[in-house]
Every structure is written in C-alpha cells, then in structure tokens.
2 protein chains.
Amino acid sequence: MIMSSGTHSTPGTPAAPADLLDRLRAGLPADALLTDPDVTASYANDMASFCEAGTPAVVVLPRTVEEVQHVMRTATELKVPVVPQGARTGLSGAANASEGCVVLSLVKMDRIIEISPVDRIAVVEPGVINATLSRAVAEHGLFYPPDPSSWEMCTIGGNIGTASGGLCCVKYGVTAEYVLGLDVVLADGRLLSTGRRTAKGVAGYDLTRLFVGSEGSLGIVVRAVLALKPQPPRQLVLAAEFGSAADACAAVCKIMEGGHVPSLLELMDRTTIRAVNALGNMGLPETTEALLLAAFDTPDPAADLAAVGALCEAAGATQVVPAEDAAESELLLQARRLSLTALEAVKGTTMIDDVCVPRSRLGDMLDGVERIADKYGLTIGVCAHAGDGNTHPTVCFDAADPDESRRARESFDEIMALGLELGGTITGEHGVGVLKKEWLARELGPVGVEMQRAVKTAFDPHHLLNPGKLF
Amino acid sequence: MIMSSGTHSTPGTPAAPADLLDRLRAGLPADALLTDPDVTASYANDMASFCEAGTPAVVVLPRTVEEVQHVMRTATELKVPVVPQGARTGLSGAANASEGCVVLSLVKMDRIIEISPVDRIAVVEPGVINATLSRAVAEHGLFYPPDPSSWEMCTIGGNIGTASGGLCCVKYGVTAEYVLGLDVVLADGRLLSTGRRTAKGVAGYDLTRLFVGSEGSLGIVVRAVLALKPQPPRQLVLAAEFGSAADACAAVCKIMEGGHVPSLLELMDRTTIRAVNALGNMGLPETTEALLLAAFDTPDPAADLAAVGALCEAAGATQVVPAEDAAESELLLQARRLSLTALEAVKGTTMIDDVCVPRSRLGDMLDGVERIADKYGLTIGVCAHAGDGNTHPTVCFDAADPDESRRARESFDEIMALGLELGGTITGEHGVGVLKKEWLARELGPVGVEMQRAVKTAFDPHHLLNPGKLF
C-alpha cells in the first residue's frame, strides 16, 4: 500500500468557525457540505507518501459553477484557504488539505456537456472520470489520449491540475496538449473564460496553459474544452529482453533516432521484473536485466514492430517477442501495469519518483539509480516511460523502520538531484505538490521562482488557493 | 503590395536623447547601433495595413544574450520603451515601433546551437530563419512543422512571438506546440529560463507557453528549445472543385468527422480562384465556386486521397483531381501559394483577416463574408486553412480612395464580429498587435482583460516592453 500521509495531520484542530459554515450554507444546498470531523478527515490527503496534511474545516461538494463562485467569494471575504480536490489519486500531495481549509471537491460536477466529432472537441465538467470520457468519445470514433495509471478513478479536473501524462505520451503528449479552453472561478469568485473551442487561436496570453499544471493554486477549473483525436487502430505490442539496462536504453535511443513513432515505449528494470514475478506469477524471465515494451497503433503495426525488433536485436536484445494480436498485446502490457503494485508488495510502502531526463541520458539515469540504491542499501525498482525519458524510480521501504524511512527519503532526493544533473526535471508528470516543493526552487532558480510567485500573486493576491503547495 | 503603415509615423520626432545612446554604446559594439534617422525609420513597421507606427529613437542589433541584457537594463533605468523585432513579416503591427522607442532587432542572433536526433530537439537563437531551421533539421531526418507563408523570411523568434501557424497546422498544430523551453531577458535585464529540454515536464507554472504568442510584451526571447518530429513521407495532394462554397465546407466537415488526418486541407473561394487566374494564368476552372486542396503524408497517401476524394464527391464535388506524384502535388499547391499576391493585385492593397471558427461553422463564416462583401461593395477573397476553420478573408481596396479605405476597415471589423458570433476567435495565427487590440478586449471580456493585464504587470511593471500592443 502507498503510505497514508494522515500521520502528519493535526487531529486536535478546532471545528470550523461558525460564521464560515453559516456563510457557506447560505449559498449551498444542505447536502453539498460535509462537516462531520470523521468524514472531513478522510479528505485530508491524496496518495503521496511523506507529505504533511492538515485537517479541513469543511468539505464542500458543489454541483454548479455558481456554487463554486459562492464558496470562493466566501473564502476570500473570510480569508479562509481553499484546497481543490478531484479523486485524490495524485502522488505529490498537491490535493492535501491545509489546516482549517475549505476542501472544494469537484467530483460531483461530472457532466460531459458536449462531444463534437466534426470539431473534435469535448466540453466537460472537472469531475468527469478520465475513463468515462475516454469511453464516451470512443463511441463517436474519437480518442482522448491522456491515460494516467489511475485513469479508471482520476478526474479530468485533477488531470488538468497536474498536467497528467501516462503511457501514451511518447506519441500523444500530456494532458496540457488537449486543453483548448477553460472556465475558471478565480479566488475572489469571478468567472474567467480562457482559450477557445477552435482548432487554433492566439488572442492574448495563453492563460489556459497557465492553469494546466497549476495544481489548483491559481483558480478553480469548472469547465474544460478538450481536443480529441480520431480513434487510431488498436496497438500491437512487442517485448524485448535485454542482458543489461544499458543495452535497453541504447535500443530506446536507436528507435527514436530512427524516426519511429511508437504509441508506447516502456522499460522495466530487473528489480521491477522480479517484483512482478513474485506478485503475479507472470512468468517473466528472471535472468533478464531489462524488459522493453514497444507498441504501434499505425496502419501496419506488424511492419513497425519488425523494424523496431531488428533495432532491439542490433542493440543486444536477447529475445524479441512481438504480439500477434490484441489479446497477446494486452498480456504483455499486464506485467507493466502490475509494476507499481508489485513494488509496493516488496516492503509495504513505496515512494515513487518522477524524474524525466532527455532520452539520450536515460542510460545514465538508470545507472545512477542503481548506484543510489546500493549506497542506501535499499530496493529501488525503475519502470520508465522510456520513450519520453520519464523514469519512475520507486523506493521500497518499511515505513515502521525510522532509519529505513530516512534512507528512503534521502535516496528519493538524491534521485532528483541526479535528474537535474542530467539536464532533466524533477517531475515529468506527477507534479510538485508538497512532496517536491523544495526541489522546485532548485530546478527553477531564483529568477524562475520569483516570476512564478509573481504570477501566483497576480491571480490569488491573498494566497488562499491551495496554500503551501508548489513554493 | 501590402500597404506600408509608414503613413502614421511622426517623422519630425527629436533624435534619441544623448544619454540613452551613450548608455547603450557603453555595453554594445559600435556596429550594433543604428542611429541614422533614415535607417531607423525603415524599422518602423511590419507588414500590417492600417496600423499606427512611431519613429524609433535607435535600432539595436545585439549578437549576445549579455548585449540584450544591457539594452533592457538601460531601458528600464531610463524608462524608455523597447520594441522587439524579428523579420517584420507580421500582419498585425505587433512589431511596429512606438515613438522614441529602442527597436531591438534580434535578426543577428541567428545561430542554430544544437540539433539532437535522439532527443528530437533543436536549440536555436531567435533570429534563425524558419526555412533555415527546417532545412537544417531535414538533414538529420527531422521535421520542424510550423510553416507560415513567410517561412523563407520570418524568424523563429517572430514565430514564437505570434505563435505562428501555417498550412501544416491541421495535422501538426502551431508554433506553440513546438516550444519546450525558453531563455528570456526580462524587462529589467534579468535572465529567466523556462521549461525544459525533456519530452515532458510539469515543474511549476507553464511560463514557456505564456511567452509564446505574447508579442514581445513580457520579455525578450533569446534562446529556444524546440521539439522536432521525424520527417514524414512527402505529401500527395488532391484538388476538388465544388459548385458552391457550402458544398466544399460540407466536404471539410465530412473529412474531419470521418477521422481522416490530412497534412493540409485548404479552401479557396471563387474570388480567390479568379484573382489567381488573372495573375498567374494557372488555368483554374473559372466556373468553380470553391476549390478544396487536401494532402496526406501518410505511408499510403494515395489510399487516403481516394477515401477523401470519395467524400468530396458525395458532398457534391464536380471534379476530383488527385496528384500522381510530388511534382503534380507542387503544381496544385502553387495556386494556393499565389492567393495573397493575386488578391493584392486586384486593387493594389489588401487587409488580411484571420478569423478562426469551429470548423463546423466554416460554411456560415463563408456565407457571412460574402454578405459583408456585398454590403460594402468590396471584393473580399477568402482562402482558408479549412481543416482548422481558420479563414483569411482578404479585403481588396484602393488605399488612395478614402471612402473605399473606410469601407474596407469597416468590413474587416464586421468579419471579426461575425467570427465571434460563430464561436470563433479574432485571430487564429496572425496575432493581435495594433490591428486588433480593440477586438481583443471584446473577445476576452472584462475579467479576461483584467487578468491578462495583471500578467503583463507581473512581468513588466513599467510597461516598457512593446507598449500599445495587445491591450
């Protein structure tokens, strides 16, 4: 299990001030407010380990834009912090409550308002589940690519907040590339519309993209216009086994340098392979040092897989197994999907890093993580969206062992330092939240932090929106 | 010829204050400053009609980041406005000088610093010509898609300033989608690095995208990390003739609804076809009311063209002509490329609008433009990036005729009003500049304008960067 971060909350907090609740009630239906402390405490955190979380004063579940506006107007008048939440599947504590805050959960604003096959857009509320949208647009022959691992649970609003990625990114990019326009309730309750519903548009500054990935710290997204693509053919997957992680990384470089456009290009290291076998009896070859999974959703995927298979062999692959059909492809992907669960089972708790490096440095990254694991005497499994250079080094540890916990945290930080040293970023797709805020400053530098803060202040002068995150 | 906007400049302006020139000279090589009034006057404007332009006090042509920093520090100390310029091929007056400003021309910072086939990125200075970059990356099997009409002249810095589009956008999107990271000199001379050189990254607010399309009003881009794609197969083009613009627009909707991904989908209306014939003896059928050009750069473009040709016929195309090879494809595209020159020849001067509507409303847009042309007794030709819904209604008029000039300006505005009414934007790819600033406020609404201004002030508190543009 991922460690709950409730350990850092402060249960002895006084209840919400009566005037806050009274003022909120004045503009909200009774069932939109949760005030029972046992219930509100359950909204304290997302799925990140090691992240502080306070106790919410109240949880609000609005159903309309006007209700969100009422909450924000009230919060601004009373200077109460507001923490927006989706499904709380995030991995960086960005949705963790701050002490005495209003938790604004958008999960009940879950309508798909429009799907247009001609304009290739969907208009949705923030609480729509990613998988629900994906299935709804598929019925029109359309495709909403962003596919974070939590896609069956996570919301579009949460995806926008963290600019979520997924397996598809190597071909289709992250959530940011699919957000055309937004309706946003500002800190003071005013409604801002950004962007467009057209294919192109350059009217003024791109505020849409400013909100994407802002972790709810600039405004509350209440509606989104999303770009869609035509549904591609079903992808076909190939698995390639390597005698070393370095060979697998070299193959990734050769594939990308060769101009191939895989719909997925994933890597699992030895530690991850063994963890998956231990959990799932998946029959992965125990002697393999690294497994590469490549997929194509092109008109002739078998031809593309053959070309990529040959590159893998030239890079030293010990075995190359192309799937013959969709069912075989699914089987090959199952091992990848089980990776995190399998690594969690190793020691009971994991910390998932999210360092993204230029893909030409992927081999150096994997090397370095192995050195770090040795140095701290820890098990660290790496699965990676290899085509993006986006690694998820996953530190396995026993949360009941203080020394191991300390070493886990130190190794986690050292992995980020390595990522920056290799020209990478501390977060490819999981966001900053609470978990990485010291590291954000290190990545951005002083001028970067100052300009980011200036933007924050321009939108949220009283710093009421999701305080204590990012900076 | 596009009308020069020098008519609005004020040639009687006093020369630059001596202390400004002295201060600039202290940190710049002698050949980096142009002070001859005849020379500086020639930097007064870009290619937009009807746009006011002032006289620059001095033109600076820096070659290094440090020189740009020196210019900005000096400008901030003396509170002198700075107007950044690329090749001045813009169509909205965004690069027009303001009275007494420092024109900061980035054309001499024109190095391609790096091209990486594995990481699929290029690192460039802002003065690199679009076509130079395109050819340089092609040698590595790579592709930099953005292709504005001025691609042989315009600079990457200018493309970033206006978030330029082009013919490729229907498949490949605009410049914004290819900018991963930037080095920017801020108004006070500090250097800000934004974004990344990795495939993904969500560390903090997306300031990179904020600068793209900001028309030099937030900072001076001095370096850019650009994403590249693998070079696709050469595209094959099909031409389809229609008996009405409505039929052609219906075909566009059917093509996009059918899940096709053309690399180009362009429309020319009757007026444009006749203008092209008059100019170039291109032999386009004079009785045709609308011509659609579709192209595919897929592995089997002939098959895609056959499918699209059938859709065109079902939508009422009177003739469908698929090219058999690259040479025939080029011939078909020549007519499209001549459109603007041909429309300029009609009356000597043109105003090019840039309204983008949801593609489902393209037919309504073309209908409306025809009504507006009739109402004002003007010739207005429309060519359109039809697949994007991005129309370029081009008002032809005699600039020496005051009444016709007035009607041209009024019809130009009425076209923007129509675009907004149809759920579109006043600018799909040309930018706001001076030409459309009243209209930007109308599109954004009061909350939108206020938040855009707040962002401007956060980056440029003294409003020295490209004043009088956008707002």
# chains A, B, ... in the order shown; residues from 1 in each chain; ligands from 1
$ residues_around --residues "Glu99 (chain A)" --least-positions-apart "5" --cutoff "7 Å" --atoms "only C-alpha atoms" --output "list of chain:residue names"
A:Gly54, A:Thr55, A:Pro56
$ select_by_dssp --residues "region 218-351 of chain A" --states "strand (DSSP E)" --output "MDAnalysis selection string"
chainID A and resid 220:227 229:230 236:242 264:269 290:296 317:322 349:351
$ residues_around --residues "Val124 (chain B)" --least-positions-apart "5" --cutoff "8 Å" --atoms "only C-alpha atoms" --output "PyMOL selection string"
chain B and resi 110-114+223-226
$ closest_residue --among "B:Val202, B:Ala240, B:Val107, B:Cys51" --to "Val432 (chain B)" --atoms "only C-alpha atoms"
B:Cys51
$ closest_atom_pairs --of "chain A" --to "chain B" --cutoff "7 Å" --atoms "only C-alpha atoms" --output "JSON lines"
{"residue": "A:Pro117", "atom": "CA", "partner": "B:Glu257", "partner_atom": "CA", "distance": 5.3}
{"residue": "A:Val118", "atom": "CA", "partner": "B:Glu257", "partner_atom": "CA", "distance": 4.6}
{"residue": "A:Asp119", "atom": "CA", "partner": "B:Arg359", "partner_atom": "CA", "distance": 5.8}
{"residue": "A:Ala163", "atom": "CA", "partner": "B:Val202", "partner_atom": "CA", "distance": 6.7}
{"residue": "A:Leu192", "atom": "CA", "partner": "B:Val447", "partner_atom": "CA", "distance": 5.9}
{"residue": "A:Ser193", "atom": "CA", "partner": "B:Gly448", "partner_atom": "CA", "distance": 6.8}
{"residue": "A:Arg197", "atom": "CA", "partner": "B:Pro358", "partner_atom": "CA", "distance": 6.5}
{"residue": "A:Thr198", "atom": "CA", "partner": "B:Pro358", "partner_atom": "CA", "distance": 4.6}
{"residue": "A:Ala199", "atom": "CA", "partner": "B:Asp388", "partner_atom": "CA", "distance": 5.2}
{"residue": "A:Lys200", "atom": "CA", "partner": "B:Gly428", "partner_atom": "CA", "distance": 5.1}
{"residue": "A:Gly201", "atom": "CA", "partner": "B:Gly428", "partner_atom": "CA", "distance": 4.0}
{"residue": "A:Val202", "atom": "CA", "partner": "B:Gly428", "partner_atom": "CA", "distance": 5.6}
{"residue": "A:Ala203", "atom": "CA", "partner": "B:Thr427", "partner_atom": "CA", "distance": 5.8}
{"residue": "A:Gly204", "atom": "CA", "partner": "B:Leu470", "partner_atom": "CA", "distance": 6.7}
{"residue": "A:Tyr205", "atom": "CA", "partner": "B:Ser214", "partner_atom": "CA", "distance": 5.6}
{"residue": "A:Asp206", "atom": "CA", "partner": "B:Leu210", "partner_atom": "CA", "distance": 5.3}
{"residue": "A:Leu207", "atom": "CA", "partner": "B:Leu210", "partner_atom": "CA", "distance": 7.0}
{"residue": "A:Arg209", "atom": "CA", "partner": "B:Asp206", "partner_atom": "CA", "distance": 6.4}
{"residue": "A:Leu210", "atom": "CA", "partner": "B:Asp206", "partner_atom": "CA", "distance": 5.3}
{"residue": "A:Gly213", "atom": "CA", "partner": "B:Val202", "partner_atom": "CA", "distance": 6.3}
{"residue": "A:Ser214", "atom": "CA", "partner": "B:Tyr205", "partner_atom": "CA", "distance": 5.6}
{"residue": "A:Pro230", "atom": "CA", "partner": "B:Gly259", "partner_atom": "CA", "distance": 4.8}
{"residue": "A:Cys253", "atom": "CA", "partner": "B:Val118", "partner_atom": "CA", "distance": 5.7}
{"residue": "A:Met256", "atom": "CA", "partner": "B:Val118", "partner_atom": "CA", "distance": 5.8}
{"residue": "A:Glu257", "atom": "CA", "partner": "B:Val118", "partner_atom": "CA", "distance": 4.6}
{"residue": "A:Gly259", "atom": "CA", "partner": "B:Pro230", "partner_atom": "CA", "distance": 4.8}
{"residue": "A:Cys356", "atom": "CA", "partner": "B:Thr198", "partner_atom": "CA", "distance": 6.6}
{"residue": "A:Val357", "atom": "CA", "partner": "B:Thr198", "partner_atom": "CA", "distance": 5.7}
{"residue": "A:Pro358", "atom": "CA", "partner": "B:Thr198", "partner_atom": "CA", "distance": 4.6}
{"residue": "A:Arg359", "atom": "CA", "partner": "B:Asp119", "partner_atom": "CA", "distance": 5.8}
{"residue": "A:Ser360", "atom": "CA", "partner": "B:Val118", "partner_atom": "CA", "distance": 6.1}
{"residue": "A:Asp388", "atom": "CA", "partner": "B:Ala199", "partner_atom": "CA", "distance": 5.2}
{"residue": "A:Gly424", "atom": "CA", "partner": "B:Thr198", "partner_atom": "CA", "distance": 6.2}
{"residue": "A:Thr425", "atom": "CA", "partner": "B:Gly201", "partner_atom": "CA", "distance": 6.2}
{"residue": "A:Ile426", "atom": "CA", "partner": "B:Ala203", "partner_atom": "CA", "distance": 6.9}
{"residue": "A:Thr427", "atom": "CA", "partner": "B:Gly201", "partner_atom": "CA", "distance": 5.8}
{"residue": "A:Gly428", "atom": "CA", "partner": "B:Gly201", "partner_atom": "CA", "distance": 4.0}
{"residue": "A:Glu429", "atom": "CA", "partner": "B:Val202", "partner_atom": "CA", "distance": 5.8}
{"residue": "A:Gly431", "atom": "CA", "partner": "B:Val202", "partner_atom": "CA", "distance": 5.8}
{"residue": "A:Val432", "atom": "CA", "partner": "B:Ala203", "partner_atom": "CA", "distance": 6.4}
{"residue": "A:Leu440", "atom": "CA", "partner": "B:Ala203", "partner_atom": "CA", "distance": 6.4}
{"residue": "A:Val447", "atom": "CA", "partner": "B:Leu192", "partner_atom": "CA", "distance": 5.9}
{"residue": "A:Gly448", "atom": "CA", "partner": "B:Leu192", "partner_atom": "CA", "distance": 6.1}
{"residue": "A:Gln452", "atom": "CA", "partner": "B:Tyr205", "partner_atom": "CA", "distance": 6.5}
{"residue": "A:Ala454", "atom": "CA", "partner": "B:Ala458", "partner_atom": "CA", "distance": 5.6}
{"residue": "A:Val455", "atom": "CA", "partner": "B:Val455", "partner_atom": "CA", "distance": 6.4}
{"residue": "A:Ala458", "atom": "CA", "partner": "B:Ala454", "partner_atom": "CA", "distance": 5.6}
{"residue": "A:Leu470", "atom": "CA", "partner": "B:Gly204", "partner_atom": "CA", "distance": 6.7}
$ closest_residue --among "A:Pro84, A:Ser405, A:Ala95, A:Pro262" --to "Leu167 (chain A)" --atoms "only C-alpha atoms"
A:Pro262
$ residues_around --residues "Cys312 (chain A)" --least-positions-apart "4" --cutoff "9 Å" --atoms "only C-alpha atoms" --output "list in words"
Ala240, Glu241, Phe242, Asp247, Ala248, Ala250, Ala251, Val252, Lys254, Ile255, Leu292, Ala307, Val308, Gly316, Ala317, Thr318, Gln319 and Val320 of chain A
$ write_last_selection --atoms "all heavy atoms" --output "compact mmCIF listing (two decimals), in the first residue's frame"
# COMPACT_ATOMS: atom_id res chain seq x y z
N ALA A 240 10.89 -6.92 -25.66
CA ALA A 240 12.29 -7.25 -25.95
C ALA A 240 13.05 -7.37 -24.64
O ALA A 240 12.96 -6.48 -23.79
CB ALA A 240 12.91 -6.19 -26.84
N GLU A 241 13.75 -8.48 -24.48
CA GLU A 241 14.53 -8.71 -23.26
C GLU A 241 15.99 -8.36 -23.50
O GLU A 241 16.53 -8.64 -24.57
CB GLU A 241 14.44 -10.19 -22.86
CG GLU A 241 13.02 -10.64 -22.56
CD GLU A 241 12.90 -12.15 -22.51
OE1 GLU A 241 13.94 -12.84 -22.30
OE2 GLU A 241 11.78 -12.65 -22.71
N PHE A 242 16.60 -7.77 -22.49
CA PHE A 242 18.00 -7.33 -22.62
C PHE A 242 18.84 -7.86 -21.46
O PHE A 242 18.32 -8.03 -20.34
CB PHE A 242 18.08 -5.81 -22.64
CG PHE A 242 17.52 -5.19 -23.90
CD1 PHE A 242 16.16 -4.93 -24.01
CD2 PHE A 242 18.35 -4.92 -24.98
CE1 PHE A 242 15.64 -4.38 -25.17
CE2 PHE A 242 17.84 -4.37 -26.15
CZ PHE A 242 16.47 -4.10 -26.24
N ASP A 247 21.90 -1.68 -22.47
CA ASP A 247 21.51 -2.12 -23.82
C ASP A 247 20.08 -1.68 -24.14
O ASP A 247 19.78 -1.23 -25.25
CB ASP A 247 21.60 -3.64 -23.95
CG ASP A 247 23.05 -4.13 -24.07
OD1 ASP A 247 23.95 -3.27 -24.19
OD2 ASP A 247 23.27 -5.36 -24.05
N ALA A 248 19.19 -1.84 -23.16
CA ALA A 248 17.78 -1.46 -23.39
C ALA A 248 17.67 0.05 -23.68
O ALA A 248 16.93 0.47 -24.56
CB ALA A 248 16.93 -1.84 -22.18
N ALA A 250 20.05 1.92 -24.90
CA ALA A 250 20.62 2.17 -26.23
C ALA A 250 19.59 1.87 -27.31
O ALA A 250 19.49 2.59 -28.31
CB ALA A 250 21.88 1.32 -26.41
N ALA A 251 18.80 0.82 -27.09
CA ALA A 251 17.75 0.48 -28.07
C ALA A 251 16.71 1.60 -28.16
O ALA A 251 16.26 1.96 -29.25
CB ALA A 251 17.10 -0.85 -27.67
N VAL A 252 16.35 2.15 -27.01
CA VAL A 252 15.39 3.28 -27.00
C VAL A 252 15.91 4.42 -27.86
O VAL A 252 15.19 4.98 -28.69
CB VAL A 252 15.14 3.77 -25.55
CG1 VAL A 252 14.40 5.10 -25.54
CG2 VAL A 252 14.38 2.71 -24.76
N LYS A 254 18.09 4.28 -30.31
CA LYS A 254 18.10 3.88 -31.72
C LYS A 254 16.70 3.95 -32.32
O LYS A 254 16.51 4.36 -33.47
CB LYS A 254 18.66 2.45 -31.87
CG LYS A 254 20.16 2.36 -31.70
CD LYS A 254 20.88 3.05 -32.86
CE LYS A 254 22.38 3.17 -32.62
NZ LYS A 254 23.00 4.19 -33.49
N ILE A 255 15.71 3.55 -31.55
CA ILE A 255 14.32 3.57 -32.04
C ILE A 255 13.89 5.01 -32.32
O ILE A 255 13.34 5.32 -33.38
CB ILE A 255 13.37 2.91 -31.00
CG1 ILE A 255 13.65 1.40 -30.92
CG2 ILE A 255 11.90 3.18 -31.35
CD1 ILE A 255 13.00 0.71 -29.72
N LEU A 292 11.90 -4.23 -22.47
CA LEU A 292 11.38 -3.08 -23.19
C LEU A 292 10.07 -3.49 -23.85
O LEU A 292 9.98 -4.57 -24.42
CB LEU A 292 12.40 -2.68 -24.27
CG LEU A 292 12.45 -1.23 -24.73
CD1 LEU A 292 12.75 -0.29 -23.56
CD2 LEU A 292 13.52 -1.08 -25.82
N ALA A 307 10.54 -3.70 -37.66
CA ALA A 307 11.66 -2.76 -37.76
C ALA A 307 12.26 -2.47 -36.39
O ALA A 307 13.48 -2.46 -36.21
CB ALA A 307 11.20 -1.47 -38.42
N VAL A 308 11.40 -2.25 -35.41
CA VAL A 308 11.87 -1.94 -34.06
C VAL A 308 12.50 -3.17 -33.41
O VAL A 308 13.51 -3.07 -32.70
CB VAL A 308 10.69 -1.38 -33.23
CG1 VAL A 308 10.96 -1.50 -31.75
CG2 VAL A 308 10.44 0.07 -33.61
N GLY A 316 21.43 -5.55 -28.88
CA GLY A 316 21.81 -6.60 -27.95
C GLY A 316 20.67 -7.33 -27.26
O GLY A 316 20.89 -8.04 -26.28
N ALA A 317 19.44 -7.16 -27.75
CA ALA A 317 18.31 -7.86 -27.13
C ALA A 317 18.54 -9.36 -27.18
O ALA A 317 18.98 -9.89 -28.20
CB ALA A 317 17.00 -7.50 -27.83
N THR A 318 18.26 -10.05 -26.06
CA THR A 318 18.46 -11.49 -26.03
C THR A 318 17.24 -12.22 -26.58
O THR A 318 17.34 -13.34 -27.05
CB THR A 318 18.72 -11.94 -24.58
OG1 THR A 318 17.70 -11.39 -23.74
CG2 THR A 318 20.08 -11.44 -24.11
N GLN A 319 16.09 -11.57 -26.52
CA GLN A 319 14.90 -12.16 -27.12
C GLN A 319 13.92 -11.05 -27.50
O GLN A 319 13.79 -10.05 -26.78
CB GLN A 319 14.23 -13.14 -26.15
CG GLN A 319 13.37 -14.16 -26.88
CD GLN A 319 12.64 -15.11 -25.94
OE1 GLN A 319 12.92 -15.17 -24.75
NE2 GLN A 319 11.67 -15.84 -26.48
N VAL A 320 13.24 -11.24 -28.63
CA VAL A 320 12.25 -10.25 -29.08
C VAL A 320 10.95 -10.99 -29.36
O VAL A 320 10.94 -11.95 -30.14
CB VAL A 320 12.74 -9.52 -30.35
CG1 VAL A 320 11.62 -8.70 -30.95
CG2 VAL A 320 13.95 -8.64 -30.03
$ select_by_dssp --residues "region 284-372 of chain A" --states "alpha helix (DSSP H)" --output "short mmCIF file (atom, residue, chain, number, x, y, z; two decimals) with N, CA and C atoms, in the first residue's frame"
data_model
loop_
_atom_site.label_atom_id
_atom_site.label_comp_id
_atom_site.auth_asym_id
_atom_site.auth_seq_id
_atom_site.Cartn_x
_atom_site.Cartn_y
_atom_site.Cartn_z
N PRO A 301 1.01 -2.09 -38.00
CA PRO A 301 1.84 -2.18 -36.80
C PRO A 301 2.84 -3.33 -36.86
N ALA A 302 2.49 -4.43 -37.53
CA ALA A 302 3.41 -5.58 -37.58
C ALA A 302 4.71 -5.17 -38.27
N ALA A 303 4.61 -4.37 -39.33
CA ALA A 303 5.81 -3.91 -40.03
C ALA A 303 6.65 -3.01 -39.13
N ASP A 304 5.97 -2.13 -38.41
CA ASP A 304 6.72 -1.25 -37.50
C ASP A 304 7.40 -2.04 -36.38
N LEU A 305 6.67 -3.04 -35.86
CA LEU A 305 7.27 -3.86 -34.80
C LEU A 305 8.47 -4.64 -35.32
N ALA A 306 8.37 -5.10 -36.56
CA ALA A 306 9.51 -5.84 -37.14
C ALA A 306 10.75 -4.94 -37.21
N ALA A 307 10.54 -3.70 -37.66
CA ALA A 307 11.66 -2.76 -37.76
C ALA A 307 12.26 -2.47 -36.39
N VAL A 308 11.40 -2.25 -35.41
CA VAL A 308 11.87 -1.94 -34.06
C VAL A 308 12.50 -3.17 -33.41
N GLY A 309 11.95 -4.34 -33.69
CA GLY A 309 12.52 -5.59 -33.18
C GLY A 309 13.95 -5.76 -33.68
N ALA A 310 14.17 -5.44 -34.96
CA ALA A 310 15.52 -5.55 -35.53
C ALA A 310 16.48 -4.58 -34.84
N LEU A 311 16.00 -3.36 -34.55
CA LEU A 311 16.85 -2.39 -33.83
C LEU A 311 17.19 -2.91 -32.44
N CYS A 312 16.20 -3.52 -31.78
CA CYS A 312 16.45 -4.07 -30.44
C CYS A 312 17.52 -5.16 -30.51
N GLU A 313 17.40 -6.04 -31.51
CA GLU A 313 18.38 -7.12 -31.64
C GLU A 313 19.77 -6.54 -31.90
N ALA A 314 19.84 -5.53 -32.75
CA ALA A 314 21.13 -4.91 -33.04
C ALA A 314 21.73 -4.27 -31.78
N ALA A 326 -4.35 -8.44 -30.49
CA ALA A 326 -4.66 -7.55 -29.38
C ALA A 326 -4.60 -8.29 -28.04
N ALA A 327 -5.05 -9.54 -28.02
CA ALA A 327 -5.07 -10.29 -26.77
C ALA A 327 -3.65 -10.52 -26.26
N GLU A 328 -2.76 -10.93 -27.15
CA GLU A 328 -1.35 -11.11 -26.76
C GLU A 328 -0.73 -9.79 -26.31
N SER A 329 -1.10 -8.71 -27.01
CA SER A 329 -0.58 -7.39 -26.64
C SER A 329 -0.99 -7.03 -25.22
N GLU A 330 -2.24 -7.30 -24.89
CA GLU A 330 -2.74 -7.00 -23.54
C GLU A 330 -1.96 -7.76 -22.48
N LEU A 331 -1.68 -9.05 -22.76
CA LEU A 331 -0.91 -9.87 -21.82
C LEU A 331 0.45 -9.26 -21.55
N LEU A 332 1.11 -8.80 -22.62
CA LEU A 332 2.45 -8.21 -22.46
C LEU A 332 2.39 -6.93 -21.62
N LEU A 333 1.29 -6.17 -21.78
CA LEU A 333 1.18 -4.92 -21.02
C LEU A 333 0.83 -5.15 -19.56
N GLN A 334 0.21 -6.30 -19.27
CA GLN A 334 -0.22 -6.55 -17.89
C GLN A 334 0.94 -6.48 -16.90
N ALA A 335 2.07 -7.02 -17.32
CA ALA A 335 3.25 -7.01 -16.43
C ALA A 335 3.61 -5.56 -16.09
N ARG A 336 3.58 -4.69 -17.11
CA ARG A 336 3.91 -3.28 -16.88
C ARG A 336 2.89 -2.66 -15.92
N ARG A 337 1.62 -2.98 -16.12
CA ARG A 337 0.57 -2.38 -15.30
C ARG A 337 0.66 -2.82 -13.84
N SER A 339 3.42 -3.26 -12.24
CA SER A 339 4.72 -2.90 -11.67
C SER A 339 4.62 -2.21 -10.31
N LEU A 340 3.79 -1.19 -10.23
CA LEU A 340 3.74 -0.41 -9.00
C LEU A 340 3.21 -1.24 -7.83
N THR A 341 2.12 -1.95 -8.10
CA THR A 341 1.55 -2.83 -7.06
C THR A 341 2.60 -3.84 -6.61
N ALA A 342 3.33 -4.38 -7.56
CA ALA A 342 4.34 -5.38 -7.24
C ALA A 342 5.46 -4.78 -6.38
N LEU A 343 5.88 -3.56 -6.72
CA LEU A 343 6.95 -2.92 -5.94
C LEU A 343 6.44 -2.53 -4.55
N GLU A 344 5.16 -2.16 -4.45
CA GLU A 344 4.59 -1.87 -3.13
C GLU A 344 4.65 -3.09 -2.23
N ALA A 345 4.46 -4.27 -2.84
CA ALA A 345 4.43 -5.51 -2.06
C ALA A 345 5.80 -5.86 -1.48
N VAL A 346 6.87 -5.30 -2.03
CA VAL A 346 8.22 -5.68 -1.59
C VAL A 346 8.45 -5.35 -0.11
N LYS A 347 8.08 -4.12 0.29
CA LYS A 347 8.36 -3.68 1.66
C LYS A 347 7.15 -3.04 2.33
N LEU A 362 18.98 8.55 -20.63
CA LEU A 362 18.23 7.54 -19.89
C LEU A 362 19.15 6.48 -19.28
N GLY A 363 20.15 6.05 -20.05
CA GLY A 363 21.09 5.04 -19.55
C GLY A 363 21.84 5.55 -18.33
N ASP A 364 22.28 6.81 -18.36
CA ASP A 364 22.98 7.40 -17.21
C ASP A 364 22.06 7.46 -16.00
N MET A 365 20.79 7.74 -16.25
CA MET A 365 19.82 7.83 -15.16
C MET A 365 19.69 6.46 -14.48
N LEU A 366 19.51 5.42 -15.28
CA LEU A 366 19.32 4.09 -14.69
C LEU A 366 20.57 3.62 -13.94
N ASP A 367 21.71 3.86 -14.54
CA ASP A 367 22.99 3.60 -13.86
C ASP A 367 23.02 4.27 -12.49
N GLY A 368 22.71 5.55 -12.49
CA GLY A 368 22.79 6.34 -11.27
C GLY A 368 21.83 5.86 -10.20
N VAL A 369 20.64 5.47 -10.61
CA VAL A 369 19.66 4.99 -9.62
C VAL A 369 20.17 3.71 -8.97
N GLU A 370 20.80 2.86 -9.76
CA GLU A 370 21.35 1.62 -9.20
C GLU A 370 22.42 1.96 -8.15
N ARG A 371 23.28 2.93 -8.49
CA ARG A 371 24.32 3.35 -7.52
C ARG A 371 23.68 3.88 -6.23
N ILE A 372 22.60 4.65 -6.39
CA ILE A 372 21.93 5.23 -5.22
C ILE A 372 21.31 4.13 -4.36
#
